[in-house]
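Undergrad: Input final.cif, format and content: mmCIF, C-alpha atoms.
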```cif
data_structure
loop_
_atom_site.group_PDB
_atom_site.id
_atom_site.type_symbol
_atom_site.label_atom_id
_atom_site.label_comp_id
_atom_site.auth_asym_id
_atom_site.auth_seq_id
_atom_site.Cartn_x
_atom_site.Cartn_y
_atom_site.Cartn_z
ATOM 1 C CA MET A 125 41.857 83.886 63.000
ATOM 2 C CA ALA A 126 44.610 84.327 65.563
ATOM 3 C CA VAL A 127 44.367 85.787 69.018
ATOM 4 C CA VAL A 128 47.019 86.361 71.652
ATOM 5 C CA VAL A 129 45.921 85.149 75.058
ATOM 6 C CA SER A 130 47.898 85.975 78.185
ATOM 7 C CA SER A 131 47.232 84.297 81.476
ATOM 8 C CA ASP A 132 48.726 83.725 84.886
ATOM 9 C CA VAL A 133 48.997 80.216 86.261
ATOM 10 C CA ASN A 134 50.548 78.946 89.446
ATOM 11 C CA TYR A 135 53.052 76.111 89.080
ATOM 12 C CA GLY A 136 55.185 75.256 92.074
ATOM 13 C CA MET A 137 56.761 78.236 93.839
ATOM 14 C CA GLY A 138 54.944 81.096 92.066
ATOM 15 C CA GLY A 139 52.919 82.310 89.142
ATOM 16 C CA ILE A 140 54.078 82.180 85.542
ATOM 17 C CA SER A 141 52.784 84.540 82.896
ATOM 18 C CA MET A 142 52.558 82.870 79.480
ATOM 19 C CA ALA A 143 51.612 84.373 76.124
ATOM 20 C CA PHE A 144 49.918 82.214 73.497
ATOM 21 C CA THR A 145 48.893 82.693 69.910
ATOM 22 C CA ILE A 146 45.945 80.406 69.240
ATOM 23 C CA ARG A 147 44.476 79.806 65.815
ATOM 24 C CA LYS A 148 41.636 77.630 64.539
ATOM 25 C CA VAL A 149 43.088 75.628 61.655
ATOM 26 C CA TYR A 150 42.036 72.838 59.344
ATOM 27 C CA TYR A 151 44.071 69.939 58.090
ATOM 28 C CA PHE A 152 43.858 67.515 55.214
ATOM 29 C CA TYR A 153 45.459 64.137 54.890
ATOM 30 C CA THR A 154 46.441 61.743 52.210
ATOM 31 C CA THR A 155 47.947 58.285 52.358
ATOM 32 C CA VAL A 156 51.032 57.399 50.334
ATOM 33 C CA GLU A 157 53.216 54.347 49.912
ATOM 34 C CA ASP A 158 55.911 54.171 52.548
ATOM 35 C CA LYS A 159 58.915 54.678 50.286
ATOM 36 C CA PRO A 160 61.608 57.335 49.887
ATOM 37 C CA GLY A 161 60.578 60.563 48.206
ATOM 38 C CA GLU A 162 56.788 60.431 48.631
ATOM 39 C CA ALA A 163 56.597 63.303 51.124
ATOM 40 C CA TYR A 164 59.111 65.264 49.042
ATOM 41 C CA LYS A 165 56.970 64.882 45.924
ATOM 42 C CA LEU A 166 53.829 66.074 47.692
ATOM 43 C CA LEU A 167 55.508 68.977 49.489
ATOM 44 C CA THR A 168 57.176 70.124 46.260
ATOM 45 C CA ALA A 169 53.878 69.941 44.356
ATOM 46 C CA LEU A 170 52.156 72.013 47.061
ATOM 47 C CA ALA A 171 54.915 74.636 46.990
ATOM 48 C CA ASP A 172 54.716 74.762 43.190
ATOM 49 C CA ILE A 173 50.993 75.618 43.329
ATOM 50 C CA GLY A 174 51.455 78.196 46.071
ATOM 51 C CA ILE A 175 50.190 76.346 49.138
ATOM 52 C CA ASN A 176 51.768 77.690 52.323
ATOM 53 C CA LEU A 177 51.778 75.136 55.141
ATOM 54 C CA LEU A 178 51.583 76.018 58.813
ATOM 55 C CA ALA A 179 52.435 72.461 59.829
ATOM 56 C CA PHE A 180 53.039 68.984 58.419
ATOM 57 C CA THR A 181 53.065 65.545 60.027
ATOM 58 C CA ALA A 182 53.788 62.059 58.727
ATOM 59 C CA VAL A 183 52.650 58.937 60.573
ATOM 60 C CA PRO A 184 53.047 55.293 59.506
ATOM 61 C CA ILE A 185 49.821 53.444 58.738
ATOM 62 C CA GLY A 186 50.621 49.762 58.744
ATOM 63 C CA PRO A 187 53.787 48.334 57.209
ATOM 64 C CA MET A 188 53.449 49.815 53.701
ATOM 65 C CA HIS A 189 51.771 53.247 53.973
ATOM 66 C CA THR A 190 52.215 56.647 55.564
ATOM 67 C CA GLN A 191 49.546 59.237 56.335
ATOM 68 C CA LEU A 192 50.646 62.781 55.520
ATOM 69 C CA SER A 193 48.711 65.529 57.332
ATOM 70 C CA LEU A 194 48.828 69.000 55.809
ATOM 71 C CA PHE A 195 47.886 72.172 57.681
ATOM 72 C CA PRO A 196 47.533 74.921 55.079
ATOM 73 C CA ASP A 197 47.529 78.600 55.892
ATOM 74 C CA ASP A 198 44.391 78.905 53.731
ATOM 75 C CA GLU A 199 42.103 75.849 53.682
ATOM 76 C CA ASN A 200 39.946 77.274 50.867
ATOM 77 C CA GLN A 201 42.991 77.622 48.620
ATOM 78 C CA MET A 202 43.919 74.017 49.452
ATOM 79 C CA VAL A 203 40.446 72.794 48.446
ATOM 80 C CA ASP A 204 40.508 74.810 45.200
ATOM 81 C CA GLN A 205 43.994 73.682 44.223
ATOM 82 C CA ALA A 206 43.294 70.049 45.098
ATOM 83 C CA LYS A 207 40.277 70.108 42.754
ATOM 84 C CA LYS A 208 42.267 71.780 39.961
ATOM 85 C CA THR A 209 45.224 69.401 40.226
ATOM 86 C CA GLY A 210 43.363 66.200 41.053
ATOM 87 C CA LEU A 211 45.124 65.856 44.405
ATOM 88 C CA LYS A 212 43.135 63.424 46.542
ATOM 89 C CA LEU A 213 42.806 64.755 50.059
ATOM 90 C CA ASP A 214 40.554 63.888 52.971
ATOM 91 C CA GLY A 215 39.384 66.972 54.819
ATOM 92 C CA PRO A 216 39.153 69.610 55.982
ATOM 93 C CA HIS A 217 39.303 68.434 59.595
ATOM 94 C CA PRO A 218 39.456 70.828 62.584
ATOM 95 C CA ALA A 219 42.434 71.474 64.805
ATOM 96 C CA LEU A 220 44.004 74.238 66.843
ATOM 97 C CA LEU A 221 47.497 75.636 66.361
ATOM 98 C CA ILE A 222 48.937 77.043 69.565
ATOM 99 C CA GLN A 223 52.242 78.884 69.608
ATOM 100 C CA GLY A 224 53.784 80.505 72.619
ATOM 101 C CA ASP A 225 56.475 80.925 75.205
ATOM 102 C CA ASP A 226 58.077 77.610 76.117
ATOM 103 C CA GLN A 227 57.711 77.644 79.870
ATOM 104 C CA LEU A 228 57.175 74.924 82.406
ATOM 105 C CA GLY A 229 53.489 74.011 82.408
ATOM 106 C CA ALA A 230 52.571 75.625 79.087
ATOM 107 C CA LEU A 231 50.933 72.491 77.688
ATOM 108 C CA ALA A 232 49.364 71.639 81.029
ATOM 109 C CA GLU A 233 47.497 74.958 80.981
ATOM 110 C CA VAL A 234 46.166 74.268 77.470
ATOM 111 C CA HIS A 235 45.019 70.790 78.508
ATOM 112 C CA ASP A 236 43.443 72.106 81.686
ATOM 113 C CA LYS A 237 41.369 74.711 79.821
ATOM 114 C CA LEU A 238 40.143 72.106 77.352
ATOM 115 C CA TYR A 239 39.462 69.594 80.127
ATOM 116 C CA GLN A 240 37.424 72.190 82.054
ATOM 117 C CA ALA A 241 35.377 72.805 78.864
ATOM 118 C CA GLY A 242 34.750 69.065 78.421
ATOM 119 C CA VAL A 243 36.756 68.911 75.185
ATOM 120 C CA ASN A 244 38.588 65.678 74.392
ATOM 121 C CA ILE A 245 41.942 66.000 72.677
ATOM 122 C CA TYR A 246 42.219 62.871 70.588
ATOM 123 C CA ALA A 247 45.684 63.632 69.187
ATOM 124 C CA SER A 248 48.373 66.282 69.494
ATOM 125 C CA ASN A 249 51.909 67.121 68.362
ATOM 126 C CA GLY A 250 54.291 69.602 69.915
ATOM 127 C CA VAL A 251 57.783 70.912 69.336
ATOM 128 C CA THR A 252 60.071 73.593 70.756
ATOM 129 C CA ASP A 253 62.456 75.712 68.732
ATOM 130 C CA SER A 254 65.206 75.735 71.419
ATOM 131 C CA LYS A 255 64.898 79.547 71.520
ATOM 132 C CA GLY A 256 62.130 79.709 74.104
ATOM 133 C CA ASN A 257 59.074 79.111 71.899
ATOM 134 C CA TYR A 258 56.865 76.145 71.124
ATOM 135 C CA GLY A 259 54.227 75.072 68.634
ATOM 136 C CA TYR A 260 51.429 72.676 69.512
ATOM 137 C CA LEU A 261 48.812 71.096 67.244
ATOM 138 C CA VAL A 262 45.654 69.942 68.996
ATOM 139 C CA TYR A 263 43.273 67.658 67.110
ATOM 140 C CA VAL A 264 39.646 67.861 68.249
ATOM 141 C CA ARG A 265 36.387 66.428 66.974
ATOM 142 C CA PRO A 266 34.386 68.679 64.635
ATOM 143 C CA GLU A 267 31.615 69.066 67.201
ATOM 144 C CA ASP A 268 34.195 70.307 69.774
ATOM 145 C CA HIS A 269 36.086 72.760 67.535
ATOM 146 C CA ASN A 270 34.192 75.927 68.469
ATOM 147 C CA ARG A 271 33.949 74.979 72.142
ATOM 148 C CA ALA A 272 37.692 74.305 72.237
ATOM 149 C CA ALA A 273 38.445 77.645 70.608
ATOM 150 C CA LYS A 274 36.170 79.441 73.060
ATOM 151 C CA ALA A 275 37.776 77.671 76.022
ATOM 152 C CA LEU A 276 41.170 78.931 74.859
ATOM 153 C CA GLY A 277 39.960 82.483 74.409
ATOM 154 C CA ILE A 278 39.204 82.733 70.687
#
```
Kindly return the structure encoded in the file as structure tokens.
TA:
Amino acid sequence: MAVVVSSDVNYGMGGISMAFTIRKVYYFYTTVEDKPGEAYKLLTALADIGINLLAFTAVPIGPMHTQLSLFPDDENQMVDQAKKTGLKLDGPHPALLIQGDDQLGALAEVHDKLYQAGVNIYASNGVTDSKGNYGYLVYVRPEDHNRAAKALGI
């Protein structure tokens, strides 16, 4: 479910109007050996079985392993295909995918809304596209997922 939220915030010398697309998403992770080609193999296998990813992250876990986090467009399809192919995944785990105009204070507004709702962000990743847009993944605890979504207008 995606919703476009528009809001006015005041940063510095005036208000800024920012548009966001916010979506409740779920991610899965798997741990692989930290060696060349492991992410390629997994991403190719997912493409071959028709899994569309909204986002992907890779984080080292100790000296010999990497945790690959997969954010599918359709978490039910991911579960079904993982069962059919024997792919070992941990999840689904809740997150929020926020995409919007890359303006000064954009992430601060997101954090403020979640802070005001008492939601703890325990991890996040963000990136800009250098064309005026950004994407931001916010990891929240399962018990905070709905409250976080509500705080952001979903």
Undergrad: Any idea what the distance is between atom CA of A:Asn200 and atom CA of A:Ala163?
TA: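 Atom-to-atom, atom CA of A:Asn200 to atom CA of A:Ala163, that is 21.7 Å.
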Undergrad: Between atom CA of A:Ile222 and atom CA of A:Ala241, what is the distance in Å, rounded to a tenth?
TA: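 Value for the atom CA of A:Ile222-atom CA of A:Ala241 distance: 17.0 Å.
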Undergrad: Name the closest residue to A:Tyr151 among the candidates A:Leu194, A:Val203, A:Val251, A:Val183; distances are taken between atoms, counting all atoms listed in the file.
TA: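 Once distances to A:Tyr151 are computed over all atoms listed in the file, the minimum belongs to A:Leu194.
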Undergrad: Which distance in Å separates atom CA of A:Gly161 and atom CA of A:Gly174, to one decimal?
TA: 20.0 Å
Undergrad: Which residues match the PyMOL selection byres ((chain A and resi 147) around 12) in the file above, as a PyMOL selection string?
TA: chain A and resi 125-129+144-146+148-150+178+195+197+218-224+259-262+269-270+272-274+276-278
Undergrad: Counting only C-alpha atoms, which of A:Ser254, A:Ser248, A:Thr154, A:Gln205 gets nearest to A:Asp172?
TA: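 Ranked by minimum distance to A:Asp172, first place goes to A:Gln205.
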Undergrad: Excluding same-chain residues fewer than 5 positions from A:Thr190, what lies within 7 Å of it counting all atoms listed in the file, as a JSON list (two decimals) with C-alpha atoms, in the frame of the given file?
TA:
```json
[["chain", "number", "residue", "atom", "x", "y", "z"],
["A", 155, "THR", "CA", 47.95, 58.28, 52.36],
["A", 156, "VAL", "CA", 51.03, 57.40, 50.33],
["A", 157, "GLU", "CA", 53.22, 54.35, 49.91],
["A", 158, "ASP", "CA", 55.91, 54.17, 52.55],
["A", 182, "ALA", "CA", 53.79, 62.06, 58.73],
["A", 183, "VAL", "CA", 52.65, 58.94, 60.57],
["A", 184, "PRO", "CA", 53.05, 55.29, 59.51],
["A", 185, "ILE", "CA", 49.82, 53.44, 58.74]]
```
